[in-house]
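**Q** File follows, model-v2.pdb with PDB, C-alpha atoms and all ligand atoms:
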ATOM      1  CA  MET A  27      -6.030  27.844  17.479  1.00  0.00           C
ATOM      2  CA  LEU A  28      -3.623  24.990  18.002  1.00  0.00           C
ATOM      3  CA  GLN A  29      -0.945  25.906  20.529  1.00  0.00           C
ATOM      4  CA  TRP A  30       1.951  23.997  22.027  1.00  0.00           C
ATOM      5  CA  ILE A  31       3.239  24.863  25.478  1.00  0.00           C
ATOM      6  CA  LEU A  32       6.863  24.000  26.200  1.00  0.00           C
ATOM      7  CA  ILE A  33       7.523  22.984  29.808  1.00  0.00           C
ATOM      8  CA  ASP A  34      11.158  22.551  30.814  1.00  0.00           C
ATOM      9  CA  ARG A  35      11.017  19.900  33.543  1.00  0.00           C
ATOM     10  CA  THR A  36      13.865  17.468  33.134  1.00  0.00           C
ATOM     11  CA  GLN A  37      15.770  19.593  30.631  1.00  0.00           C
ATOM     12  CA  ALA A  38      14.135  17.462  27.975  1.00  0.00           C
ATOM     13  CA  PRO A  39      11.308  19.213  26.181  1.00  0.00           C
ATOM     14  CA  PHE A  40       7.729  18.199  26.898  1.00  0.00           C
ATOM     15  CA  TYR A  41       4.934  19.577  24.831  1.00  0.00           C
ATOM     16  CA  ILE A  42       1.366  19.753  25.984  1.00  0.00           C
ATOM     17  CA  CYS A  43      -1.305  20.632  23.512  1.00  0.00           C
ATOM     18  CA  ASN A  44      -4.126  22.799  24.786  1.00  0.00           C
ATOM     19  CA  ARG A  45      -6.626  21.597  22.243  1.00  0.00           C
ATOM     20  CA  ARG A  46      -9.083  19.149  23.744  1.00  0.00           C
ATOM     21  CA  LYS A  47      -9.383  17.166  20.530  1.00  0.00           C
ATOM     22  CA  ARG A  48      -5.650  16.388  20.485  1.00  0.00           C
ATOM     23  CA  SER A  49      -5.556  15.393  24.139  1.00  0.00           C
ATOM     24  CA  MET A  50      -7.742  12.440  23.150  1.00  0.00           C
ATOM     25  CA  GLY A  51      -4.839  11.190  21.091  1.00  0.00           C
ATOM     26  CA  ILE A  52      -4.798   9.925  17.570  1.00  0.00           C
ATOM     27  CA  ARG A  53      -7.650   7.631  16.636  1.00  0.00           C
ATOM     28  CA  ILE A  54      -8.258   5.185  13.832  1.00  0.00           C
ATOM     29  CA  ASN A  55      -9.776   7.005  10.838  1.00  0.00           C
ATOM     30  CA  ASP A  56      -8.391  10.403  11.923  1.00  0.00           C
ATOM     31  CA  ILE A  57      -6.694  12.298   9.111  1.00  0.00           C
ATOM     32  CA  ALA A  58      -2.956  11.920   9.788  1.00  0.00           C
ATOM     33  CA  PRO A  59      -1.722  15.236  11.256  1.00  0.00           C
ATOM     34  CA  ASP A  60       0.231  17.238   8.688  1.00  0.00           C
ATOM     35  CA  PHE A  61       3.699  18.711   9.312  1.00  0.00           C
ATOM     36  CA  GLU A  62       6.753  19.964   7.482  1.00  0.00           C
ATOM     37  CA  ALA A  63      10.147  18.576   8.424  1.00  0.00           C
ATOM     38  CA  PRO A  64      13.657  18.056   7.079  1.00  0.00           C
ATOM     39  CA  THR A  65      14.477  14.504   6.020  1.00  0.00           C
ATOM     40  CA  THR A  66      17.416  12.660   4.522  1.00  0.00           C
ATOM     41  CA  GLU A  67      15.646  12.954   1.158  1.00  0.00           C
ATOM     42  CA  GLY A  68      14.941  16.703   1.441  1.00  0.00           C
ATOM     43  CA  PRO A  69      12.214  18.709   3.157  1.00  0.00           C
ATOM     44  CA  VAL A  70       8.862  16.960   3.382  1.00  0.00           C
ATOM     45  CA  ILE A  71       5.339  18.326   3.584  1.00  0.00           C
ATOM     46  CA  PHE A  72       3.801  15.194   5.016  1.00  0.00           C
ATOM     47  CA  HIS A  73       0.376  15.388   3.346  1.00  0.00           C
ATOM     48  CA  ARG A  74       2.066  15.815  -0.045  1.00  0.00           C
ATOM     49  CA  TRP A  75       4.502  13.005   0.677  1.00  0.00           C
ATOM     50  CA  LEU A  76       1.632  10.635   1.544  1.00  0.00           C
ATOM     51  CA  TRP A  77       0.338  11.138  -1.965  1.00  0.00           C
ATOM     52  CA  ASN A  78      -2.017   8.370  -2.986  1.00  0.00           C
ATOM     53  CA  GLN A  79      -0.196   5.427  -1.469  1.00  0.00           C
ATOM     54  CA  TRP A  80      -0.161   3.481   1.782  1.00  0.00           C
ATOM     55  CA  THR A  81       2.443   4.682   4.286  1.00  0.00           C
ATOM     56  CA  VAL A  82       4.158   3.131   7.280  1.00  0.00           C
ATOM     57  CA  PHE A  83       5.408   5.964   9.490  1.00  0.00           C
ATOM     58  CA  PHE A  84       7.543   4.715  12.371  1.00  0.00           C
ATOM     59  CA  SER A  85       9.529   6.377  15.126  1.00  0.00           C
ATOM     60  CA  TYR A  86      12.391   5.129  17.263  1.00  0.00           C
ATOM     61  CA  PRO A  87      14.255   6.675  20.200  1.00  0.00           C
ATOM     62  CA  GLY A  88      17.616   7.325  18.567  1.00  0.00           C
ATOM     63  CA  ASN A  89      20.325   6.314  16.119  1.00  0.00           C
ATOM     64  CA  PHE A  90      23.280   4.171  17.163  1.00  0.00           C
ATOM     65  CA  SER A  91      21.485   2.305  19.901  1.00  0.00           C
ATOM     66  CA  PRO A  92      21.218  -1.434  19.402  1.00  0.00           C
ATOM     67  CA  VAL A  93      17.477  -2.041  19.092  1.00  0.00           C
ATOM     68  CA  SER A  94      16.875   0.984  16.865  1.00  0.00           C
ATOM     69  CA  VAL A  95      19.715   0.068  14.491  1.00  0.00           C
ATOM     70  CA  THR A  96      18.269  -3.412  14.013  1.00  0.00           C
ATOM     71  CA  GLU A  97      14.829  -1.909  13.350  1.00  0.00           C
ATOM     72  CA  VAL A  98      15.998   0.617  10.738  1.00  0.00           C
ATOM     73  CA  GLY A  99      18.124  -2.158   9.179  1.00  0.00           C
ATOM     74  CA  MET A 100      15.118  -4.499   9.013  1.00  0.00           C
ATOM     75  CA  ALA A 101      12.917  -1.760   7.510  1.00  0.00           C
ATOM     76  CA  ALA A 102      15.609  -1.271   4.841  1.00  0.00           C
ATOM     77  CA  GLU A 103      15.775  -5.015   4.231  1.00  0.00           C
ATOM     78  CA  LEU A 104      11.984  -5.234   3.778  1.00  0.00           C
ATOM     79  CA  SER A 105      11.664  -1.976   1.864  1.00  0.00           C
ATOM     80  CA  ARG A 106      10.983  -3.761  -1.446  1.00  0.00           C
ATOM     81  CA  GLU A 107       8.147  -5.727   0.163  1.00  0.00           C
ATOM     82  CA  PHE A 108       6.514  -2.463   1.226  1.00  0.00           C
ATOM     83  CA  THR A 109       7.045  -0.923  -2.232  1.00  0.00           C
ATOM     84  CA  ALA A 110       5.434  -3.990  -3.856  1.00  0.00           C
ATOM     85  CA  ARG A 111       2.324  -3.238  -1.784  1.00  0.00           C
ATOM     86  CA  ASN A 112       2.249   0.397  -2.899  1.00  0.00           C
ATOM     87  CA  CYS A 113       3.432   1.476   0.528  1.00  0.00           C
ATOM     88  CA  GLY A 114       6.061   4.073   1.388  1.00  0.00           C
ATOM     89  CA  LEU A 115       8.198   3.890   4.523  1.00  0.00           C
ATOM     90  CA  ILE A 116       9.278   6.921   6.523  1.00  0.00           C
ATOM     91  CA  GLY A 117      11.167   6.904   9.846  1.00  0.00           C
ATOM     92  CA  LEU A 118      11.655   9.502  12.564  1.00  0.00           C
ATOM     93  CA  SER A 119      13.922  10.075  15.515  1.00  0.00           C
ATOM     94  CA  VAL A 120      15.223  13.011  17.491  1.00  0.00           C
ATOM     95  CA  ASP A 121      18.571  12.846  15.628  1.00  0.00           C
ATOM     96  CA  SER A 122      20.022  15.327  13.143  1.00  0.00           C
ATOM     97  CA  LEU A 123      20.190  14.656   9.402  1.00  0.00           C
ATOM     98  CA  GLU A 124      23.990  14.153   9.717  1.00  0.00           C
ATOM     99  CA  THR A 125      23.461  11.386  12.294  1.00  0.00           C
ATOM    100  CA  HIS A 126      20.737   9.800  10.135  1.00  0.00           C
ATOM    101  CA  GLU A 127      23.142   9.815   7.193  1.00  0.00           C
ATOM    102  CA  ALA A 128      25.903   8.254   9.321  1.00  0.00           C
ATOM    103  CA  LEU A 129      23.459   5.519  10.407  1.00  0.00           C
ATOM    104  CA  SER A 130      22.435   4.862   6.798  1.00  0.00           C
ATOM    105  CA  ARG A 131      26.120   4.522   5.832  1.00  0.00           C
ATOM    106  CA  GLU A 132      26.694   2.074   8.673  1.00  0.00           C
ATOM    107  CA  ILE A 133      23.668  -0.042   7.692  1.00  0.00           C
ATOM    108  CA  ARG A 134      24.863  -0.108   4.084  1.00  0.00           C
ATOM    109  CA  GLU A 135      28.373  -1.150   5.202  1.00  0.00           C
ATOM    110  CA  THR A 136      27.298  -3.798   7.700  1.00  0.00           C
ATOM    111  CA  ARG A 137      24.174  -5.251   6.043  1.00  0.00           C
ATOM    112  CA  GLY A 138      24.925  -4.369   2.432  1.00  0.00           C
ATOM    113  CA  ILE A 139      21.553  -2.670   1.956  1.00  0.00           C
ATOM    114  CA  PRO A 140      20.635   0.968   1.373  1.00  0.00           C
ATOM    115  CA  VAL A 141      18.212   2.822   3.628  1.00  0.00           C
ATOM    116  CA  ASP A 142      16.107   3.844   0.634  1.00  0.00           C
ATOM    117  CA  PHE A 143      13.409   5.753   2.503  1.00  0.00           C
ATOM    118  CA  PRO A 144      13.499   9.132   4.278  1.00  0.00           C
ATOM    119  CA  LEU A 145      14.436   9.563   7.929  1.00  0.00           C
ATOM    120  CA  ILE A 146      12.929  12.652   9.574  1.00  0.00           C
ATOM    121  CA  GLU A 147      15.042  14.973  11.748  1.00  0.00           C
ATOM    122  CA  ASP A 148      12.890  15.849  14.769  1.00  0.00           C
ATOM    123  CA  THR A 149      15.432  17.512  17.050  1.00  0.00           C
ATOM    124  CA  ASP A 150      12.815  19.791  18.648  1.00  0.00           C
ATOM    125  CA  LEU A 151      10.312  16.903  19.128  1.00  0.00           C
ATOM    126  CA  ARG A 152       7.682  18.855  17.206  1.00  0.00           C
ATOM    127  CA  VAL A 153       6.446  15.909  15.138  1.00  0.00           C
ATOM    128  CA  ALA A 154       6.841  13.533  18.093  1.00  0.00           C
ATOM    129  CA  ALA A 155       4.485  15.728  20.118  1.00  0.00           C
ATOM    130  CA  LEU A 156       1.982  15.986  17.260  1.00  0.00           C
ATOM    131  CA  TYR A 157       1.803  12.181  17.029  1.00  0.00           C
ATOM    132  CA  ASN A 158       1.838  11.540  20.818  1.00  0.00           C
ATOM    133  CA  MET A 159       5.168   9.732  20.565  1.00  0.00           C
ATOM    134  CA  LEU A 160       6.406  11.018  23.931  1.00  0.00           C
ATOM    135  CA  PRO A 161       5.875   8.965  27.095  1.00  0.00           C
ATOM    136  CA  VAL A 162       4.516  10.261  30.379  1.00  0.00           C
ATOM    137  CA  PRO A 163       7.700  10.955  32.370  1.00  0.00           C
ATOM    138  CA  GLU A 164       8.308   8.504  35.214  1.00  0.00           C
ATOM    139  CA  ALA A 165       9.363   9.637  38.681  1.00  0.00           C
ATOM    140  CA  ASP A 166      11.850   7.768  40.870  1.00  0.00           C
ATOM    141  CA  SER A 167      11.022   6.670  44.472  1.00  0.00           C
ATOM    142  CA  GLU A 168      11.739  10.211  45.691  1.00  0.00           C
ATOM    143  CA  GLY A 169       9.368  11.722  43.170  1.00  0.00           C
ATOM    144  CA  VAL A 170      12.146  13.169  41.013  1.00  0.00           C
ATOM    145  CA  LEU A 171      11.330  12.967  37.321  1.00  0.00           C
ATOM    146  CA  ARG A 172      13.683  10.696  35.414  1.00  0.00           C
ATOM    147  CA  ASP A 173      15.235  12.006  32.234  1.00  0.00           C
ATOM    148  CA  ASP A 174      13.458   9.469  30.067  1.00  0.00           C
ATOM    149  CA  ALA A 175      11.597  11.646  27.621  1.00  0.00           C
ATOM    150  CA  ARG A 176      12.715   9.509  24.718  1.00  0.00           C
ATOM    151  CA  ILE A 177      10.539   9.153  21.673  1.00  0.00           C
ATOM    152  CA  VAL A 178       8.859   5.766  21.981  1.00  0.00           C
ATOM    153  CA  ARG A 179       8.654   3.222  19.164  1.00  0.00           C
ATOM    154  CA  SER A 180       5.454   4.044  17.334  1.00  0.00           C
ATOM    155  CA  VAL A 181       3.982   2.704  14.110  1.00  0.00           C
ATOM    156  CA  PHE A 182       1.268   4.383  12.064  1.00  0.00           C
ATOM    157  CA  VAL A 183      -0.192   2.768   8.962  1.00  0.00           C
ATOM    158  CA  ILE A 184      -1.822   5.483   6.848  1.00  0.00           C
ATOM    159  CA  SER A 185      -4.187   4.779   3.932  1.00  0.00           C
ATOM    160  CA  PRO A 186      -3.955   6.470   0.508  1.00  0.00           C
ATOM    161  CA  ASP A 187      -6.683   8.912   1.642  1.00  0.00           C
ATOM    162  CA  ARG A 188      -4.346  10.012   4.492  1.00  0.00           C
ATOM    163  CA  ARG A 189      -6.262   8.366   7.301  1.00  0.00           C
ATOM    164  CA  ILE A 190      -4.731   6.568  10.244  1.00  0.00           C
ATOM    165  CA  LYS A 191      -5.749   2.924   9.842  1.00  0.00           C
ATOM    166  CA  PHE A 192      -3.502   1.388  12.484  1.00  0.00           C
ATOM    167  CA  HIS A 193      -1.268   2.675  15.236  1.00  0.00           C
ATOM    168  CA  GLN A 194       0.631   1.159  18.074  1.00  0.00           C
ATOM    169  CA  TYR A 195       3.179   2.370  20.609  1.00  0.00           C
ATOM    170  CA  TYR A 196       5.950   0.115  21.878  1.00  0.00           C
ATOM    171  CA  PRO A 197       8.223   0.864  24.840  1.00  0.00           C
ATOM    172  CA  VAL A 198      11.805   1.806  23.967  1.00  0.00           C
ATOM    173  CA  GLY A 199      13.112  -1.532  25.249  1.00  0.00           C
ATOM    174  CA  THR A 200      10.947  -3.651  22.924  1.00  0.00           C
ATOM    175  CA  GLY A 201      11.956  -3.941  19.282  1.00  0.00           C
ATOM    176  CA  ARG A 202       9.182  -4.380  16.728  1.00  0.00           C
ATOM    177  CA  ASN A 203       8.495  -7.230  14.328  1.00  0.00           C
ATOM    178  CA  PHE A 204       8.488  -5.681  10.846  1.00  0.00           C
ATOM    179  CA  GLN A 205       7.063  -8.879   9.325  1.00  0.00           C
ATOM    180  CA  GLU A 206       4.034  -8.246  11.553  1.00  0.00           C
ATOM    181  CA  ILE A 207       3.761  -4.697  10.181  1.00  0.00           C
ATOM    182  CA  LEU A 208       3.702  -6.184   6.655  1.00  0.00           C
ATOM    183  CA  ARG A 209       0.998  -8.619   7.789  1.00  0.00           C
ATOM    184  CA  ILE A 210      -1.081  -5.735   9.183  1.00  0.00           C
ATOM    185  CA  LEU A 211      -0.667  -3.892   5.882  1.00  0.00           C
ATOM    186  CA  ASP A 212      -1.817  -6.994   3.973  1.00  0.00           C
ATOM    187  CA  SER A 213      -4.895  -7.279   6.174  1.00  0.00           C
ATOM    188  CA  LEU A 214      -5.711  -3.566   5.792  1.00  0.00           C
ATOM    189  CA  ARG A 215      -5.332  -3.640   2.002  1.00  0.00           C
ATOM    190  CA  LEU A 216      -7.443  -6.781   1.755  1.00  0.00           C
ATOM    191  CA  SER A 217     -10.266  -5.406   3.884  1.00  0.00           C
ATOM    192  CA  THR A 218     -10.175  -2.153   1.894  1.00  0.00           C
ATOM    193  CA  TRP A 219     -10.793  -4.009  -1.379  1.00  0.00           C
ATOM    194  CA  HIS A 220     -13.158  -6.707  -0.085  1.00  0.00           C
ATOM    195  CA  ARG A 221     -15.790  -6.753   2.696  1.00  0.00           C
ATOM    196  CA  VAL A 222     -13.824  -9.260   4.784  1.00  0.00           C
ATOM    197  CA  ALA A 223     -12.137  -9.425   8.160  1.00  0.00           C
ATOM    198  CA  THR A 224      -8.969 -11.382   8.945  1.00  0.00           C
ATOM    199  CA  PRO A 225      -9.002 -13.812  11.914  1.00  0.00           C
ATOM    200  CA  VAL A 226      -6.493 -14.304  14.685  1.00  0.00           C
ATOM    201  CA  ASN A 227      -2.961 -15.053  13.425  1.00  0.00           C
ATOM    202  CA  TRP A 228      -4.173 -14.721   9.832  1.00  0.00           C
ATOM    203  CA  LYS A 229      -1.540 -14.723   7.143  1.00  0.00           C
ATOM    204  CA  PRO A 230      -1.975 -14.048   3.422  1.00  0.00           C
ATOM    205  CA  GLY A 231      -3.724 -17.005   1.765  1.00  0.00           C
ATOM    206  CA  ASP A 232      -5.610 -18.114   4.899  1.00  0.00           C
ATOM    207  CA  ASP A 233      -9.423 -18.073   4.992  1.00  0.00           C
ATOM    208  CA  VAL A 234     -11.160 -14.868   6.091  1.00  0.00           C
ATOM    209  CA  PHE A 235     -14.483 -13.957   7.706  1.00  0.00           C
ATOM    210  CA  ILE A 236     -17.483 -12.171   6.253  1.00  0.00           C
ATOM    211  CA  PRO A 237     -18.014  -9.317   8.752  1.00  0.00           C
ATOM    212  CA  PRO A 238     -21.030  -9.882  11.016  1.00  0.00           C
ATOM    213  CA  ASP A 239     -22.563  -6.512  10.047  1.00  0.00           C
ATOM    214  CA  LEU A 240     -23.138  -7.788   6.481  1.00  0.00           C
ATOM    215  CA  ASP A 241     -26.628  -9.327   6.492  1.00  0.00           C
ATOM    216  CA  GLU A 242     -27.455 -12.647   4.809  1.00  0.00           C
ATOM    217  CA  GLU A 243     -28.897 -11.099   1.634  1.00  0.00           C
ATOM    218  CA  ALA A 244     -25.974  -8.715   1.108  1.00  0.00           C
ATOM    219  CA  ALA A 245     -23.501 -11.525   1.887  1.00  0.00           C
ATOM    220  CA  ARG A 246     -25.186 -13.806  -0.727  1.00  0.00           C
ATOM    221  CA  ALA A 247     -24.924 -11.027  -3.326  1.00  0.00           C
ATOM    222  CA  MET A 248     -21.298 -10.330  -2.517  1.00  0.00           C
ATOM    223  CA  PHE A 249     -20.131 -13.923  -2.037  1.00  0.00           C
ATOM    224  CA  PRO A 250     -22.372 -16.048  -4.345  1.00  0.00           C
ATOM    225  CA  GLU A 251     -20.140 -19.118  -3.901  1.00  0.00           C
ATOM    226  CA  GLY A 252     -21.309 -19.230  -0.304  1.00  0.00           C
ATOM    227  CA  TRP A 253     -19.358 -19.765   2.894  1.00  0.00           C
ATOM    228  CA  LYS A 254     -18.586 -22.223   5.636  1.00  0.00           C
ATOM    229  CA  GLU A 255     -20.803 -21.401   8.605  1.00  0.00           C
ATOM    230  CA  LEU A 256     -18.996 -22.231  11.847  1.00  0.00           C
ATOM    231  CA  LYS A 257     -21.667 -20.299  13.805  1.00  0.00           C
ATOM    232  CA  PRO A 258     -24.312 -17.951  12.389  1.00  0.00           C
ATOM    233  CA  TYR A 259     -21.946 -15.050  13.082  1.00  0.00           C
ATOM    234  CA  MET A 260     -18.799 -16.908  11.877  1.00  0.00           C
ATOM    235  CA  ARG A 261     -18.917 -17.176   8.069  1.00  0.00           C
ATOM    236  CA  LEU A 262     -15.612 -18.282   6.592  1.00  0.00           C
ATOM    237  CA  ILE A 263     -14.577 -17.897   2.918  1.00  0.00           C
ATOM    238  CA  PRO A 264     -11.313 -18.414   1.037  1.00  0.00           C
ATOM    239  CA  GLN A 265      -9.263 -15.221   0.893  1.00  0.00           C
ATOM    240  CA  PRO A 266     -10.258 -13.224  -2.196  1.00  0.00           C
ATOM    241  CA  PRO A 267      -7.311 -12.445  -4.478  1.00  0.00           C
ATOM    242  CA  LEU A 268      -5.454  -9.169  -3.997  1.00  0.00           C
ATOM    243  CA  ALA A 269      -3.068  -7.925  -6.670  1.00  0.00           C
ATOM    244  CA  ARG A 270       0.144  -6.744  -5.025  1.00  0.00           C
ATOM    245  CA  ASN A 271       0.157  -3.443  -6.878  1.00  0.00           C
ATOM    246  CA  LEU A 272      -3.419  -2.431  -5.957  1.00  0.00           C
ATOM    247  CA  ARG A 273      -3.697   0.406  -3.501  1.00  0.00           C
TER     248      ARG A 273
HETATM  249  C1  LIG B 301      17.800   1.004  21.635  1.00  0.00           C
HETATM  250  O1  LIG B 301      17.360   1.532  20.602  1.00  0.00           O
HETATM  251  O2  LIG B 301      18.565   0.069  21.607  1.00  0.00           O
HETATM  252  C2  LIG B 301      17.345   1.546  22.976  1.00  0.00           C
HETATM  253  C3  LIG B 301      17.081   2.892  23.130  1.00  0.00           C
HETATM  254  C4  LIG B 301      16.678   3.362  24.360  1.00  0.00           C
HETATM  255  C5  LIG B 301      16.543   2.508  25.435  1.00  0.00           C
HETATM  256  C6  LIG B 301      16.798   1.142  25.254  1.00  0.00           C
HETATM  257  C7  LIG B 301      17.199   0.654  24.022  1.00  0.00           C
END
With the file now loaded, output its structure as structure tokens.
**A**
Amino acid sequence: MLQWILIDRTQAPFYICNRRKRSMGIRINDIAPDFEAPTTEGPVIFHRWLWNQWTVFFSYPGNFSPVSVTEVGMAAELSREFTARNCGLIGLSVDSLETHEALSREIRETRGIPVDFPLIEDTDLRVAALYNMLPVPEADSEGVLRDDARIVRSVFVISPDRRIKFHQYYPVGTGRNFQEILRILDSLRLSTWHRVATPVNWKPGDDVFIPPDLDEEAARAMFPEGWKELKPYMRLIPQPPLARNLR
């Protein structure tokens, strides 16, 4: 059975899971761990909320700190772009629903845009622990643990079949690039619909590669117009079209 052990070390809660599988962390293609939690749009059962769409689930250390405010504001600004790609956004921090609502009001007042996606209240760090969003605590030169058990900035891109397709953790001092998260989503959606892989710094509309594990015969059947062969293992084709509203 899954069990969480609460260790009070720096007065901030640390959770350690005693299940070997979890200690390996979350991996690409894992089913996204399910949870229930209060959000600014009502209680959420995560697996139901994920229903049949792409999801970007992101965490940040706390409301009303400069980097996090700019990130939630940018997510709100780009929300329509995510919706157009059949992708829901959902954020999480350790703050209460009241604080999330105050932040949403401030973003609406200062940027003129609504935060039109749910923010999860995770005051007991339950979801943060489930998704490995807590850092290893650092000790100072005297070996005393610093009180830095803040939720890190994490991003999970989850496919319509509830699998983790991308995840990354950023330190609290480094704000994310939400245009890059959109680009990752575009690449994931494209490679879900077509047997292609996107090269370094790819952006929508750029050429893409036929994956090397597709043999010549299968590649000919799939891409009858042929390809540009840079090397036998580097077969470049124009990006196949992808309707924005496809899953
Ligand atoms: C911020 O969100 O601005 C922030 C939070 C914790 C540490 C550093 C920056």
**Q** Using atom CA of A:Asp233 and atom CA of A:Ile263 as the two end points, give the distance in Å to one decimal.
**A**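 Here the two named atoms are 5.6 Å from each other.
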**Q** Taking the file as I've supplied it (selection: the PyMOL selection byres (((not hetatm)) within 12 of (chain B and resi 301))), which residues are included? Please answer as a ChimeraX atom specification.
**A** /A:85-98,119-120,173-179,196-202
**Q** Any chance you could export the current selection's C-alpha atoms as a PDB file, keeping the file's coordinate frame?
**A**
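And here's out_27.pdb as it stands now:
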ATOM      1  CA  SER A  85       9.529   6.377  15.126  1.00  0.00           C
ATOM      2  CA  TYR A  86      12.391   5.129  17.263  1.00  0.00           C
ATOM      3  CA  PRO A  87      14.255   6.675  20.200  1.00  0.00           C
ATOM      4  CA  GLY A  88      17.616   7.325  18.567  1.00  0.00           C
ATOM      5  CA  ASN A  89      20.325   6.314  16.119  1.00  0.00           C
ATOM      6  CA  PHE A  90      23.280   4.171  17.163  1.00  0.00           C
ATOM      7  CA  SER A  91      21.485   2.305  19.901  1.00  0.00           C
ATOM      8  CA  PRO A  92      21.218  -1.434  19.402  1.00  0.00           C
ATOM      9  CA  VAL A  93      17.477  -2.041  19.092  1.00  0.00           C
ATOM     10  CA  SER A  94      16.875   0.984  16.865  1.00  0.00           C
ATOM     11  CA  VAL A  95      19.715   0.068  14.491  1.00  0.00           C
ATOM     12  CA  THR A  96      18.269  -3.412  14.013  1.00  0.00           C
ATOM     13  CA  GLU A  97      14.829  -1.909  13.350  1.00  0.00           C
ATOM     14  CA  VAL A  98      15.998   0.617  10.738  1.00  0.00           C
ATOM     15  CA  SER A 119      13.922  10.075  15.515  1.00  0.00           C
ATOM     16  CA  VAL A 120      15.223  13.011  17.491  1.00  0.00           C
ATOM     17  CA  ASP A 173      15.235  12.006  32.234  1.00  0.00           C
ATOM     18  CA  ASP A 174      13.458   9.469  30.067  1.00  0.00           C
ATOM     19  CA  ALA A 175      11.597  11.646  27.621  1.00  0.00           C
ATOM     20  CA  ARG A 176      12.715   9.509  24.718  1.00  0.00           C
ATOM     21  CA  ILE A 177      10.539   9.153  21.673  1.00  0.00           C
ATOM     22  CA  VAL A 178       8.859   5.766  21.981  1.00  0.00           C
ATOM     23  CA  ARG A 179       8.654   3.222  19.164  1.00  0.00           C
ATOM     24  CA  TYR A 196       5.950   0.115  21.878  1.00  0.00           C
ATOM     25  CA  PRO A 197       8.223   0.864  24.840  1.00  0.00           C
ATOM     26  CA  VAL A 198      11.805   1.806  23.967  1.00  0.00           C
ATOM     27  CA  GLY A 199      13.112  -1.532  25.249  1.00  0.00           C
ATOM     28  CA  THR A 200      10.947  -3.651  22.924  1.00  0.00           C
ATOM     29  CA  GLY A 201      11.956  -3.941  19.282  1.00  0.00           C
ATOM     30  CA  ARG A 202       9.182  -4.380  16.728  1.00  0.00           C
TER      31      ARG A 202
END
**Q** When the PyMOL selection byres (((chain A and resi 152-155) around 10) and not hetatm) is applied to the structure above, which residues does it catch, written out as JSON, numbers by chain?
**A** {"A": [30, 39, 40, 41, 42, 43, 59, 60, 61, 62, 63, 85, 118, 119, 120, 146, 147, 148, 149, 150, 151, 156, 157, 158, 159, 160, 161, 176, 177, 178, 180]}
**Q** Selection from above, C-alpha atoms, as a PDB file, in the frame of the given file, can you write it?
**A**
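Printed below is selection34.pdb as written:
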ATOM      1  CA  TRP A  30       1.951  23.997  22.027  1.00  0.00           C
ATOM      2  CA  PRO A  39      11.308  19.213  26.181  1.00  0.00           C
ATOM      3  CA  PHE A  40       7.729  18.199  26.898  1.00  0.00           C
ATOM      4  CA  TYR A  41       4.934  19.577  24.831  1.00  0.00           C
ATOM      5  CA  ILE A  42       1.366  19.753  25.984  1.00  0.00           C
ATOM      6  CA  CYS A  43      -1.305  20.632  23.512  1.00  0.00           C
ATOM      7  CA  PRO A  59      -1.722  15.236  11.256  1.00  0.00           C
ATOM      8  CA  ASP A  60       0.231  17.238   8.688  1.00  0.00           C
ATOM      9  CA  PHE A  61       3.699  18.711   9.312  1.00  0.00           C
ATOM     10  CA  GLU A  62       6.753  19.964   7.482  1.00  0.00           C
ATOM     11  CA  ALA A  63      10.147  18.576   8.424  1.00  0.00           C
ATOM     12  CA  SER A  85       9.529   6.377  15.126  1.00  0.00           C
ATOM     13  CA  LEU A 118      11.655   9.502  12.564  1.00  0.00           C
ATOM     14  CA  SER A 119      13.922  10.075  15.515  1.00  0.00           C
ATOM     15  CA  VAL A 120      15.223  13.011  17.491  1.00  0.00           C
ATOM     16  CA  ILE A 146      12.929  12.652   9.574  1.00  0.00           C
ATOM     17  CA  GLU A 147      15.042  14.973  11.748  1.00  0.00           C
ATOM     18  CA  ASP A 148      12.890  15.849  14.769  1.00  0.00           C
ATOM     19  CA  THR A 149      15.432  17.512  17.050  1.00  0.00           C
ATOM     20  CA  ASP A 150      12.815  19.791  18.648  1.00  0.00           C
ATOM     21  CA  LEU A 151      10.312  16.903  19.128  1.00  0.00           C
ATOM     22  CA  LEU A 156       1.982  15.986  17.260  1.00  0.00           C
ATOM     23  CA  TYR A 157       1.803  12.181  17.029  1.00  0.00           C
ATOM     24  CA  ASN A 158       1.838  11.540  20.818  1.00  0.00           C
ATOM     25  CA  MET A 159       5.168   9.732  20.565  1.00  0.00           C
ATOM     26  CA  LEU A 160       6.406  11.018  23.931  1.00  0.00           C
ATOM     27  CA  PRO A 161       5.875   8.965  27.095  1.00  0.00           C
ATOM     28  CA  ARG A 176      12.715   9.509  24.718  1.00  0.00           C
ATOM     29  CA  ILE A 177      10.539   9.153  21.673  1.00  0.00           C
ATOM     30  CA  VAL A 178       8.859   5.766  21.981  1.00  0.00           C
ATOM     31  CA  SER A 180       5.454   4.044  17.334  1.00  0.00           C
TER      32      SER A 180
END
**Q** Rounded to one decimal, what separation in Å do you get between atom CA of A:Gly117 and atom CA of A:Phe143?
**A**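 Separation of atom CA of A:Gly117 and atom CA of A:Phe143: 7.8 Å.
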**Q** Here's the selection I'm unsure about, the PyMOL selection byres (((chain A and resi 234) around 10) and not hetatm); applied to the file above, which residues does it give, as a list in words?
**A** Ser213, Leu216, Ser217, Arg221, Val222, Ala223, Thr224, Pro225, Val226, Trp228, Lys229, Pro230, Gly231, Asp232, Asp233, Phe235, Ile236, Pro237, Met260, Arg261, Leu262, Ile263, Pro264, Gln265 and Pro266 of chain A
**Q** By how many Å are atom CA of A:Leu256 and atom CA of A:His220 apart?
**A**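 Straight-line distance from atom CA of A:Leu256 to atom CA of A:His220 works out to 20.4 Å.
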**Q** Using all atoms listed in the file, which residue out of A:Ala128, A:Ala244, A:Leu208, A:Leu214 lies closest to A:Ile190?
**A** A:Leu214
**Q** I need the residue nearest A:Asp212 from this list: A:Glu124, A:Glu107, A:Asp166, A:Asp56. Use all atoms listed in the file for the distance.
**A** A:Glu107
